[in-house]
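Reviewing the structure listed below.
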Amino acid sequence: MRLLIVEDEGYMAKLLGRGFAEEGYATDIAESGSQALVTAASMEHDAAILDVMLPDVDGFELCARLRQSGWHVPVLMLTARDSVSDRVKGLDAGADDYLCKPFSFVELCARVRALTRRAGVGRDVAVRLQAGSLRLDPLSRRVWSGASEVYLSATEFTLLELLMHHQDQVLTRSRILDQVWGYRYPVTSNVVDQYVRYLRHKVGQDLIETVRGVGYRLRVTCP
């Protein structure tokens with residue numbers, strides 16, 4: 001799962017990014033509406049958290065622009081403005097939910113989970129990913145190898161989901177770091193290699209191929 005967090009207050013943005021990362025999400029943080037528009041157009045997201053008070057355009061206008069551009073990702077508005085008229089304005093702009101500050105991070109996580117679950121209602125069962133005998137369900141966050149369920153940590157699941165979305169494609173270490181950890185580690189970090197080892201131990205040594213000097217590939221077809 002990947003979140004777009006639009007928050008111009010640096011400390012709050014870091015707290016949200018760190019908190020959701022610990023919950024197994026990859027995050028992109030934008031500090032302005034204009035930056036958010038660029039990020040939303042260049043990356044795929046499963047949900048977005050928009051602060052209302054932004055330095056260029058407010059969250060209401062940003063949400064409206066995103067919807068006008070055809071962006072259908074679930075949106076939660078986050079703000080200290082708690083009047084009924086503000087909540088109505090946010091929902092009318094295209095938001096799916098509204099949470100007032102101060103808030104509980106546990107509640108915020110629950111609301112994001114609910115948004116992504118609702119977004120998945122009605123999707124074809126083919127949303128489940130499969131690579132040989134390995135199956136992954138993004139909605140329930142469960143993995144099976146044959147008839148046996150495989151138990152993964154949040155980060156292991158996110159890494160495997162990325163690889164299964166790009167079967168037979170080589171993903172560079174820097175791209176994996178960006179998609180899974182969100183730039184929390186330098187490109188020289190060996191955290192990708194460590195987690196690939198963890199995954200190989202759980203899903204099979206031969207499924208994830210090392211492309212020397214480049215990165216990794218989930219191999220599902222014969223060379």
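Note on naming: chains are A, B, ... as they come in the structure tokens, residues start from 1 per chain, ligands start from 1 in the order shown.
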
Write down as an NGL selection string the residues of segment 41-195 of chain A whose backbone DSSP state falls under strand (DSSP E). :A and (47-51 or 75-79 or 97-100 or 129-131 or 134-137 or 142-145 or 148-150 or 170-172)

If you count only C-alpha atoms, which residues fall within 9 Å of segment 100-114 of chain A, apart from same-chain ones fewer than 2 positions away, as a PyMOL selection string? chain A and resi 16+19-20+23+47-49+74-82+97-98+116-119

Env of segment 85-96 of chain A: 9 Å cut, atoms = only C-alpha atoms, seq-sep filter 6 positions within chain, self excluded. Answer as a PyMOL selection string. chain A and resi 52+59-67+74-77+115

Closest atom pairs, segment 132-182 of chain A residues within 12 Å of segment 207-213 of chain A, only C-alpha atoms, as a tab-separated table:
```
residue	atom	partner	partner_atom	distance
A:Gly132	CA	A:Leu207	CA	9.2
A:Ser133	CA	A:Leu207	CA	10.5
A:Leu134	CA	A:Leu207	CA	9.5
A:Ser145	CA	A:Leu207	CA	11.5
A:Leu159	CA	A:Ile208	CA	11.2
A:Leu160	CA	A:Ile208	CA	9.5
A:Leu163	CA	A:Ile208	CA	8.5
A:Met164	CA	A:Ile208	CA	10.1
A:His166	CA	A:Ile208	CA	11.8
A:Gln167	CA	A:Ile208	CA	9.8
A:Asp168	CA	A:Glu209	CA	9.4
A:Gln169	CA	A:Glu209	CA	10.3
A:Val170	CA	A:Val211	CA	7.3
A:Leu171	CA	A:Val211	CA	9.0
A:Thr172	CA	A:Val211	CA	8.9
A:Arg173	CA	A:Gly213	CA	9.4
A:Ser174	CA	A:Gly213	CA	11.7
```

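If only C-alpha atoms are the atoms counted, then among A:Val196, A:Leu136, A:Ala131, A:Ile29 the closest residue to Glu149 of chain A is A:Leu136.
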
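Relative to atom CA of Val191 of chain A, atom CA of Gly204 of chain A is found at 19.1 Å.
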
Minimum-distance residue to Ala154 of chain A, chosen among A:Asp51, A:Glu22, A:Asp58, A:Asp206 (using only C-alpha atoms): A:Glu22

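Restricting the calculation to only C-alpha atoms, the smallest distance between Thr155 of chain A and any of A:Val220, A:Ala40, A:Val57, A:Ala21 is found for A:Ala21.
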
Run DSSP on the backbone of this structure and report the residues of segment 93-154 of chain A it assigns to alpha helix (DSSP H), as a PyMOL selection string. chain A and resi 105-120+154

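Minimum atom-to-atom distance to Asn190 of chain A, evaluated using only C-alpha atoms, belongs to A:Ile176 out of A:Ile176, A:Leu162, A:Leu218, A:Val38.
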
For atom CA of Tyr195 of chain A and atom CA of Glu44 of chain A, the interatomic separation in Å (one decimal): 22.8 Å

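Shortest atom-to-atom contact with Glu156 of chain A among A:Leu199, A:Met53, A:Leu177, A:Val143: A:Leu199, counting only C-alpha atoms.
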
Out of A:Val203, A:Val180, A:Arg219, A:Glu31, which residue has the shortest atom-to-atom distance to Tyr11 of chain A when counting only C-alpha atoms? A:Glu31

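Of note, atom CA of Thr27 of chain A and atom CA of Asp178 of chain A are spaced 8.9 Å apart.
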